[in-house]
file input_28.txt (compact mmCIF, N, CA and C atoms)
# COMPACT_ATOMS: atom_id res chain seq x y z
N MET A 505 30.14 -8.23 40.92
CA MET A 505 28.94 -9.02 40.87
C MET A 505 27.74 -8.18 40.42
N LYS A 506 27.62 -6.95 40.96
CA LYS A 506 26.54 -6.07 40.56
C LYS A 506 26.66 -5.71 39.08
N LEU A 507 27.89 -5.52 38.61
CA LEU A 507 28.13 -5.16 37.22
C LEU A 507 27.67 -6.30 36.30
N GLN A 508 27.98 -7.55 36.68
CA GLN A 508 27.54 -8.70 35.89
C GLN A 508 26.01 -8.77 35.84
N PHE A 509 25.38 -8.57 36.97
CA PHE A 509 23.93 -8.60 37.03
C PHE A 509 23.32 -7.52 36.13
N ILE A 510 23.88 -6.34 36.16
CA ILE A 510 23.38 -5.23 35.35
C ILE A 510 23.57 -5.54 33.87
N LEU A 511 24.75 -6.07 33.50
CA LEU A 511 25.00 -6.41 32.10
C LEU A 511 24.06 -7.51 31.60
N VAL A 512 23.83 -8.53 32.40
CA VAL A 512 22.93 -9.61 32.02
C VAL A 512 21.51 -9.08 31.87
N ALA A 513 21.07 -8.25 32.81
CA ALA A 513 19.74 -7.67 32.74
C ALA A 513 19.60 -6.80 31.49
N LEU A 514 20.63 -6.06 31.15
CA LEU A 514 20.62 -5.20 29.97
C LEU A 514 20.51 -6.05 28.70
N VAL A 515 21.29 -7.10 28.60
CA VAL A 515 21.24 -7.98 27.43
C VAL A 515 19.87 -8.62 27.29
N ILE A 516 19.32 -9.12 28.39
CA ILE A 516 18.00 -9.75 28.36
C ILE A 516 16.94 -8.73 27.95
N GLY A 517 17.06 -7.52 28.45
CA GLY A 517 16.11 -6.47 28.09
C GLY A 517 16.17 -6.12 26.62
N VAL A 518 17.37 -6.00 26.07
CA VAL A 518 17.52 -5.67 24.65
C VAL A 518 16.96 -6.79 23.79
N VAL A 519 17.30 -8.03 24.11
CA VAL A 519 16.79 -9.18 23.35
C VAL A 519 15.27 -9.27 23.48
N GLY A 520 14.77 -9.00 24.67
CA GLY A 520 13.33 -9.05 24.90
C GLY A 520 12.56 -8.06 24.05
N PHE A 521 13.13 -6.89 23.83
CA PHE A 521 12.47 -5.89 23.00
C PHE A 521 12.73 -6.10 21.53
N ALA A 522 13.91 -6.57 21.14
CA ALA A 522 14.27 -6.71 19.73
C ALA A 522 13.64 -7.94 19.09
N ALA A 523 13.53 -9.04 19.82
CA ALA A 523 13.03 -10.29 19.23
C ALA A 523 11.62 -10.16 18.63
N PRO A 524 10.64 -9.58 19.35
CA PRO A 524 9.31 -9.45 18.74
C PRO A 524 9.33 -8.57 17.49
N SER A 525 10.12 -7.53 17.51
CA SER A 525 10.21 -6.64 16.36
C SER A 525 10.80 -7.37 15.16
N LEU A 526 11.86 -8.14 15.38
CA LEU A 526 12.46 -8.89 14.28
C LEU A 526 11.53 -9.98 13.79
N ALA A 527 10.78 -10.60 14.67
CA ALA A 527 9.85 -11.65 14.27
C ALA A 527 8.77 -11.08 13.35
N GLN A 528 8.30 -9.87 13.64
CA GLN A 528 7.28 -9.26 12.79
C GLN A 528 7.83 -8.90 11.43
N ARG A 529 9.11 -8.66 11.35
CA ARG A 529 9.74 -8.30 10.08
C ARG A 529 10.38 -9.49 9.40
N GLY A 530 10.12 -10.67 9.86
CA GLY A 530 10.70 -11.84 9.22
C GLY A 530 12.16 -12.00 9.53
N GLY A 531 12.68 -11.32 10.57
CA GLY A 531 14.07 -11.46 10.95
C GLY A 531 15.04 -10.75 10.04
N ARG A 532 14.55 -9.88 9.18
CA ARG A 532 15.42 -9.22 8.22
C ARG A 532 15.76 -7.78 8.61
N GLY A 533 15.50 -7.39 9.81
CA GLY A 533 15.79 -6.03 10.22
C GLY A 533 14.78 -5.07 9.63
N SER A 534 15.13 -3.80 9.53
CA SER A 534 14.18 -2.78 9.11
C SER A 534 14.01 -2.68 7.61
N SER A 535 14.79 -3.43 6.83
CA SER A 535 14.75 -3.25 5.38
C SER A 535 13.74 -4.12 4.67
N GLY A 536 13.04 -5.02 5.35
CA GLY A 536 12.12 -5.86 4.60
C GLY A 536 11.17 -6.60 5.49
N GLY A 537 10.44 -7.51 4.87
CA GLY A 537 9.50 -8.33 5.60
C GLY A 537 8.11 -7.76 5.56
N GLY A 538 7.17 -8.54 6.01
CA GLY A 538 5.79 -8.08 6.06
C GLY A 538 5.10 -8.27 4.73
N TYR A 539 3.88 -7.72 4.65
CA TYR A 539 3.08 -7.86 3.46
C TYR A 539 2.58 -6.51 3.02
N GLY A 540 2.54 -6.29 1.72
CA GLY A 540 2.03 -5.06 1.15
C GLY A 540 0.51 -5.08 1.07
N PRO A 541 -0.09 -4.04 0.46
CA PRO A 541 -1.54 -3.95 0.40
C PRO A 541 -2.17 -5.03 -0.47
N LEU A 542 -1.38 -5.73 -1.26
CA LEU A 542 -1.92 -6.78 -2.12
C LEU A 542 -1.84 -8.14 -1.46
N GLY A 543 -1.31 -8.22 -0.23
CA GLY A 543 -1.13 -9.49 0.44
C GLY A 543 0.05 -10.26 -0.10
N ILE A 544 0.93 -9.57 -0.81
CA ILE A 544 2.12 -10.18 -1.40
C ILE A 544 3.30 -9.81 -0.52
N PRO A 545 4.18 -10.77 -0.19
CA PRO A 545 5.34 -10.44 0.64
C PRO A 545 6.12 -9.27 0.05
N SER A 546 6.50 -8.34 0.91
CA SER A 546 7.20 -7.15 0.44
C SER A 546 8.64 -7.12 0.94
N SER A 547 9.34 -8.25 0.79
CA SER A 547 10.69 -8.34 1.31
C SER A 547 11.74 -7.79 0.36
N GLY A 548 11.42 -7.62 -0.91
CA GLY A 548 12.40 -7.13 -1.86
C GLY A 548 11.91 -5.86 -2.51
N THR A 549 12.81 -5.20 -3.22
CA THR A 549 12.45 -3.93 -3.82
C THR A 549 11.65 -4.09 -5.10
N ASP A 550 11.64 -5.29 -5.70
CA ASP A 550 10.95 -5.49 -6.96
C ASP A 550 9.66 -6.27 -6.84
N THR A 551 9.04 -6.28 -5.69
CA THR A 551 7.80 -7.03 -5.54
C THR A 551 6.60 -6.13 -5.76
N ALA A 552 5.47 -6.72 -6.11
CA ALA A 552 4.25 -5.94 -6.28
C ALA A 552 3.86 -5.28 -4.96
N GLY A 553 4.14 -5.94 -3.84
CA GLY A 553 3.84 -5.36 -2.54
C GLY A 553 4.53 -4.03 -2.32
N ASN A 554 5.79 -3.94 -2.72
CA ASN A 554 6.52 -2.68 -2.59
C ASN A 554 6.09 -1.69 -3.66
N LYS A 555 5.82 -2.19 -4.84
CA LYS A 555 5.46 -1.30 -5.95
C LYS A 555 4.19 -0.51 -5.64
N TYR A 556 3.22 -1.16 -4.95
CA TYR A 556 1.96 -0.50 -4.67
C TYR A 556 1.78 -0.15 -3.19
N ALA A 557 2.87 -0.15 -2.43
CA ALA A 557 2.78 0.10 -0.99
C ALA A 557 2.21 1.48 -0.66
N ASP A 558 2.46 2.47 -1.50
CA ASP A 558 1.99 3.82 -1.22
C ASP A 558 0.64 4.12 -1.87
N TYR A 559 0.05 3.16 -2.54
CA TYR A 559 -1.25 3.35 -3.18
C TYR A 559 -2.35 3.15 -2.14
N LEU A 560 -3.49 3.76 -2.38
CA LEU A 560 -4.64 3.62 -1.50
C LEU A 560 -5.59 2.59 -2.09
N TYR A 561 -5.94 1.58 -1.29
CA TYR A 561 -6.85 0.53 -1.73
C TYR A 561 -8.28 0.93 -1.44
N GLY A 562 -9.17 0.52 -2.30
CA GLY A 562 -10.59 0.70 -2.04
C GLY A 562 -11.43 -0.07 -3.04
N VAL A 563 -12.72 -0.07 -2.82
CA VAL A 563 -13.68 -0.71 -3.72
C VAL A 563 -14.53 0.40 -4.32
N VAL A 564 -14.68 0.38 -5.65
CA VAL A 564 -15.43 1.44 -6.34
C VAL A 564 -16.89 1.38 -5.92
N LYS A 565 -17.37 2.48 -5.35
CA LYS A 565 -18.75 2.58 -4.90
C LYS A 565 -19.60 3.37 -5.89
N GLU A 566 -19.02 4.46 -6.40
CA GLU A 566 -19.69 5.30 -7.40
C GLU A 566 -18.66 5.64 -8.47
N LEU A 567 -19.14 5.82 -9.69
CA LEU A 567 -18.23 6.06 -10.81
C LEU A 567 -18.90 6.94 -11.85
N ASN A 568 -18.20 7.99 -12.27
CA ASN A 568 -18.64 8.79 -13.42
C ASN A 568 -17.39 9.26 -14.15
N LYS A 569 -17.56 9.95 -15.28
CA LYS A 569 -16.40 10.28 -16.11
C LYS A 569 -15.42 11.24 -15.44
N ASP A 570 -15.85 11.96 -14.42
CA ASP A 570 -14.99 12.95 -13.77
C ASP A 570 -14.38 12.47 -12.46
N SER A 571 -14.97 11.43 -11.83
CA SER A 571 -14.48 11.01 -10.52
C SER A 571 -15.02 9.63 -10.16
N MET A 572 -14.46 9.09 -9.07
CA MET A 572 -14.98 7.85 -8.50
C MET A 572 -14.95 7.99 -6.98
N VAL A 573 -15.84 7.25 -6.33
CA VAL A 573 -15.89 7.21 -4.87
C VAL A 573 -15.50 5.80 -4.46
N LEU A 574 -14.51 5.71 -3.57
CA LEU A 574 -14.07 4.42 -3.05
C LEU A 574 -14.58 4.23 -1.64
N THR A 575 -14.96 3.00 -1.33
CA THR A 575 -15.33 2.61 0.02
C THR A 575 -14.31 1.58 0.50
N LYS A 576 -14.34 1.26 1.77
CA LYS A 576 -13.42 0.30 2.37
C LYS A 576 -11.95 0.75 2.27
N THR A 577 -11.71 2.04 2.34
CA THR A 577 -10.35 2.56 2.30
C THR A 577 -9.77 2.56 3.71
N LYS A 578 -8.45 2.71 3.80
CA LYS A 578 -7.80 2.71 5.11
C LYS A 578 -8.09 3.98 5.90
N VAL A 579 -8.58 5.02 5.23
CA VAL A 579 -8.89 6.27 5.95
C VAL A 579 -10.27 6.23 6.57
N GLY A 580 -11.04 5.18 6.28
CA GLY A 580 -12.34 5.03 6.92
C GLY A 580 -13.50 5.41 6.03
N PRO A 581 -13.92 6.68 6.05
CA PRO A 581 -15.09 7.07 5.26
C PRO A 581 -14.81 6.98 3.76
N ASP A 582 -15.89 6.99 2.99
CA ASP A 582 -15.75 6.96 1.54
C ASP A 582 -14.85 8.11 1.09
N GLN A 583 -14.06 7.85 0.05
CA GLN A 583 -13.09 8.83 -0.43
C GLN A 583 -13.31 9.07 -1.92
N THR A 584 -13.39 10.33 -2.33
CA THR A 584 -13.59 10.69 -3.73
C THR A 584 -12.26 11.00 -4.39
N PHE A 585 -12.08 10.50 -5.60
CA PHE A 585 -10.89 10.77 -6.41
C PHE A 585 -11.34 11.33 -7.74
N LYS A 586 -10.80 12.49 -8.09
CA LYS A 586 -11.11 13.10 -9.39
C LYS A 586 -10.19 12.52 -10.45
N PHE A 587 -10.67 12.53 -11.69
CA PHE A 587 -9.86 12.14 -12.83
C PHE A 587 -9.51 13.39 -13.62
N ASN A 588 -8.36 13.36 -14.29
CA ASN A 588 -8.03 14.43 -15.23
C ASN A 588 -7.43 13.79 -16.47
N LYS A 589 -6.99 14.61 -17.42
CA LYS A 589 -6.48 14.07 -18.69
C LYS A 589 -5.20 13.26 -18.50
N ASN A 590 -4.52 13.43 -17.36
CA ASN A 590 -3.27 12.71 -17.12
C ASN A 590 -3.45 11.42 -16.32
N THR A 591 -4.67 11.13 -15.85
CA THR A 591 -4.92 9.92 -15.08
C THR A 591 -4.70 8.70 -15.97
N LYS A 592 -3.88 7.77 -15.46
CA LYS A 592 -3.61 6.53 -16.20
C LYS A 592 -4.40 5.40 -15.56
N PHE A 593 -4.89 4.51 -16.39
CA PHE A 593 -5.63 3.34 -15.94
C PHE A 593 -4.86 2.09 -16.35
N ILE A 594 -4.65 1.21 -15.38
CA ILE A 594 -3.91 -0.03 -15.61
C ILE A 594 -4.82 -1.19 -15.21
N HIS A 595 -4.97 -2.18 -16.10
CA HIS A 595 -5.75 -3.38 -15.79
C HIS A 595 -4.92 -4.60 -16.18
N ASP A 596 -4.77 -5.53 -15.24
CA ASP A 596 -3.96 -6.74 -15.46
C ASP A 596 -2.54 -6.40 -15.92
N GLY A 597 -1.99 -5.32 -15.39
CA GLY A 597 -0.61 -4.94 -15.68
C GLY A 597 -0.41 -4.25 -17.02
N LYS A 598 -1.50 -3.95 -17.73
CA LYS A 598 -1.39 -3.31 -19.05
C LYS A 598 -2.19 -2.02 -19.06
N ASN A 599 -1.81 -1.10 -19.95
CA ASN A 599 -2.55 0.15 -20.09
C ASN A 599 -4.00 -0.16 -20.42
N SER A 600 -4.90 0.60 -19.83
CA SER A 600 -6.32 0.40 -20.01
C SER A 600 -6.98 1.76 -20.16
N SER A 601 -8.27 1.83 -19.88
CA SER A 601 -8.99 3.11 -19.99
C SER A 601 -10.05 3.18 -18.90
N PHE A 602 -10.63 4.36 -18.77
CA PHE A 602 -11.69 4.59 -17.79
C PHE A 602 -12.84 3.59 -18.01
N GLU A 603 -13.12 3.28 -19.25
CA GLU A 603 -14.25 2.40 -19.57
C GLU A 603 -14.10 1.00 -18.97
N SER A 604 -12.88 0.60 -18.60
CA SER A 604 -12.68 -0.74 -18.03
C SER A 604 -13.10 -0.80 -16.56
N LEU A 605 -13.27 0.35 -15.91
CA LEU A 605 -13.68 0.38 -14.51
C LEU A 605 -15.17 0.15 -14.37
N LYS A 606 -15.56 -0.50 -13.25
CA LYS A 606 -16.98 -0.65 -12.96
C LYS A 606 -17.19 -0.65 -11.44
N VAL A 607 -18.38 -0.34 -11.03
CA VAL A 607 -18.72 -0.33 -9.61
C VAL A 607 -18.47 -1.74 -9.06
N GLY A 608 -17.84 -1.81 -7.90
CA GLY A 608 -17.52 -3.09 -7.26
C GLY A 608 -16.09 -3.54 -7.49
N ASP A 609 -15.37 -2.91 -8.43
CA ASP A 609 -13.97 -3.26 -8.68
C ASP A 609 -13.10 -2.90 -7.49
N GLU A 610 -12.14 -3.78 -7.18
CA GLU A 610 -11.10 -3.46 -6.21
C GLU A 610 -10.02 -2.69 -6.96
N VAL A 611 -9.62 -1.54 -6.42
CA VAL A 611 -8.62 -0.71 -7.10
C VAL A 611 -7.56 -0.24 -6.12
N TRP A 612 -6.42 0.09 -6.67
CA TRP A 612 -5.33 0.72 -5.95
C TRP A 612 -5.07 2.02 -6.66
N VAL A 613 -5.04 3.13 -5.92
CA VAL A 613 -4.96 4.45 -6.52
C VAL A 613 -3.72 5.19 -6.03
N ASP A 614 -2.98 5.74 -6.98
CA ASP A 614 -1.89 6.66 -6.69
C ASP A 614 -2.46 8.05 -6.96
N ALA A 615 -2.46 8.92 -5.96
CA ALA A 615 -3.16 10.20 -6.11
C ALA A 615 -2.35 11.36 -5.55
N ASP A 616 -2.66 12.54 -6.05
CA ASP A 616 -2.13 13.80 -5.52
C ASP A 616 -3.21 14.45 -4.70
N GLU A 617 -2.81 15.06 -3.57
CA GLU A 617 -3.78 15.78 -2.74
C GLU A 617 -3.57 17.28 -2.91
N ASP A 618 -4.64 17.99 -3.18
CA ASP A 618 -4.59 19.45 -3.25
C ASP A 618 -4.52 19.95 -1.81
N LYS A 619 -3.42 20.59 -1.45
CA LYS A 619 -3.20 21.02 -0.06
C LYS A 619 -4.22 22.06 0.40
N LYS A 620 -4.75 22.86 -0.52
CA LYS A 620 -5.71 23.90 -0.13
C LYS A 620 -7.11 23.32 0.09
N THR A 621 -7.54 22.44 -0.81
CA THR A 621 -8.92 21.95 -0.74
C THR A 621 -9.03 20.57 -0.10
N GLY A 622 -7.93 19.81 -0.12
CA GLY A 622 -7.97 18.44 0.41
C GLY A 622 -8.50 17.43 -0.59
N ASP A 623 -8.81 17.89 -1.82
CA ASP A 623 -9.31 17.00 -2.86
C ASP A 623 -8.18 16.12 -3.39
N PHE A 624 -8.53 14.89 -3.80
CA PHE A 624 -7.56 13.98 -4.38
C PHE A 624 -7.79 13.85 -5.88
N THR A 625 -6.71 13.88 -6.65
CA THR A 625 -6.76 13.63 -8.08
C THR A 625 -5.95 12.38 -8.37
N ALA A 626 -6.58 11.41 -9.01
CA ALA A 626 -5.91 10.13 -9.30
C ALA A 626 -4.87 10.32 -10.39
N ARG A 627 -3.65 9.88 -10.09
CA ARG A 627 -2.60 9.83 -11.11
C ARG A 627 -2.66 8.51 -11.84
N LYS A 628 -2.89 7.43 -11.07
CA LYS A 628 -2.93 6.08 -11.64
C LYS A 628 -3.96 5.26 -10.88
N VAL A 629 -4.78 4.51 -11.63
CA VAL A 629 -5.78 3.61 -11.07
C VAL A 629 -5.44 2.21 -11.57
N VAL A 630 -5.17 1.29 -10.62
CA VAL A 630 -4.72 -0.06 -10.98
C VAL A 630 -5.78 -1.07 -10.54
N THR A 631 -6.13 -1.98 -11.47
CA THR A 631 -7.11 -3.03 -11.19
C THR A 631 -6.62 -4.36 -11.75
N GLY A 632 -7.31 -5.42 -11.38
CA GLY A 632 -7.04 -6.73 -11.98
C GLY A 632 -5.90 -7.48 -11.33
N VAL A 633 -5.33 -8.40 -12.09
CA VAL A 633 -4.24 -9.24 -11.64
C VAL A 633 -2.94 -8.46 -11.80
N PHE A 634 -2.08 -8.56 -10.79
CA PHE A 634 -0.86 -7.78 -10.82
C PHE A 634 0.29 -8.66 -11.28
N ALA A 635 0.94 -8.25 -12.35
CA ALA A 635 2.07 -9.01 -12.88
C ALA A 635 3.29 -8.77 -12.01
N MET A 636 3.91 -9.86 -11.57
CA MET A 636 5.13 -9.76 -10.77
C MET A 636 6.31 -9.65 -11.72
N PRO A 637 7.28 -8.79 -11.39
CA PRO A 637 8.46 -8.69 -12.22
C PRO A 637 9.23 -10.01 -12.21
N SER A 638 9.87 -10.32 -13.33
CA SER A 638 10.66 -11.56 -13.36
C SER A 638 11.96 -11.35 -12.60
N SER A 639 12.44 -12.41 -11.96
CA SER A 639 13.65 -12.30 -11.14
C SER A 639 14.85 -12.66 -11.93

call {"tool": "encode", "arguments": {"input": "input_28.txt", "output": "structure tokens"}}
result
Amino acid sequence: MKLQFILVALVIGVVGFAAPSLAQRGGRGSSGGGYGPLGIPSSGTDTAGNKYADYLYGVVKELNKDSMVLTKTKVGPDQTFKFNKNTKFIHDGKNSSFESLKVGDEVWVDADEDKKTGDFTARKVVTGVFAMPSS
């Protein structure tokens, strides 16, 4: 009788802890569910949500030919990103240029961090409408 009680309590405990976790993930386990930084469901490997999941979102506060300052980032304070000759600019899913950026733009940035100085250099700056891959 004690063994049955312990087993039932164990099962209820496991279900009690697992159910909220699965509900947050859309019931798909650890491999999917939720929303990416673009507010697009990130349940598959080919979604824009997954494609830009590691990018940093922000709004351009200051802009010059060598760098930009983003506000409203997930790290809190304003964040500066330097540009170099290898920085790529993407607008509406197509190659673009620095000239297409303006203060107030919402951007997603893929960047490298200099471990010694802590400075960020933008590898890719993405703006505009994001084209979803065809299924």

call {"tool": "atom_distance", "arguments": {"input": "input_28.txt", "atom1": "atom CA of A:Thr584", "atom2": "atom CA of A:Ser601"}}
result
18.5 Å

call {"tool": "atom_distance", "arguments": {"input": "input_28.txt", "atom1": "atom CA of A:Thr631", "atom2": "atom CA of A:Asp609"}}
result
7.3 Å

call {"tool": "closest_residue", "arguments": {"input": "input_28.txt", "among": "A:Lys506, A:Phe624, A:Gly597, A:Lys569", "to": "A:Phe585", "atoms": "only N, CA and C atoms"}}
result
A:Phe624

call {"tool": "atom_distance", "arguments": {"input": "input_28.txt", "atom1": "atom C of A:Asp596", "atom2": "atom N of A:Asp618"}}
result
27.6 Å

call {"tool": "residues_near_point", "arguments": {"input": "input_28.txt", "point": "(-3.1, 10.9, -8.1)", "cutoff": "5 Å", "atoms": "all atoms listed in the file", "output": "CSV table (one decimal) with N, CA and C atoms, in the frame of the given file"}}
result
chain,number,residue,atom,x,y,z
A,614,ASP,N,-3.0,5.7,-7.0
A,614,ASP,CA,-1.9,6.7,-6.7
A,614,ASP,C,-2.5,8.0,-7.0
A,615,ALA,N,-2.5,8.9,-6.0
A,615,ALA,CA,-3.2,10.2,-6.1
A,615,ALA,C,-2.4,11.4,-5.6
A,616,ASP,N,-2.7,12.5,-6.0
A,616,ASP,CA,-2.1,13.8,-5.5
A,616,ASP,C,-3.2,14.4,-4.7
A,625,THR,N,-6.7,13.9,-6.6
A,625,THR,CA,-6.8,13.6,-8.1
A,625,THR,C,-6.0,12.4,-8.4
A,626,ALA,N,-6.6,11.4,-9.0
A,626,ALA,CA,-5.9,10.1,-9.3
A,626,ALA,C,-4.9,10.3,-10.4
A,627,ARG,N,-3.6,9.9,-10.1
A,627,ARG,CA,-2.6,9.8,-11.1
A,627,ARG,C,-2.7,8.5,-11.8
A,628,LYS,N,-2.9,7.4,-11.1
A,628,LYS,CA,-2.9,6.1,-11.6
A,628,LYS,C,-4.0,5.3,-10.9

call {"tool": "select_by_dssp", "arguments": {"input": "input_28.txt", "residues": "stretch 564-595 of chain A", "states": "strand (DSSP E)", "output": "VMD selection string"}}
result
chain A and resid 564 to 568 571 to 575 583 to 586 592 to 595

call {"tool": "closest_residue", "arguments": {"input": "input_28.txt", "among": "A:Gly632, A:Gly622, A:Asn588, A:Asp558", "to": "A:Met572", "atoms": "only C-alpha atoms"}}
result
A:Asn588
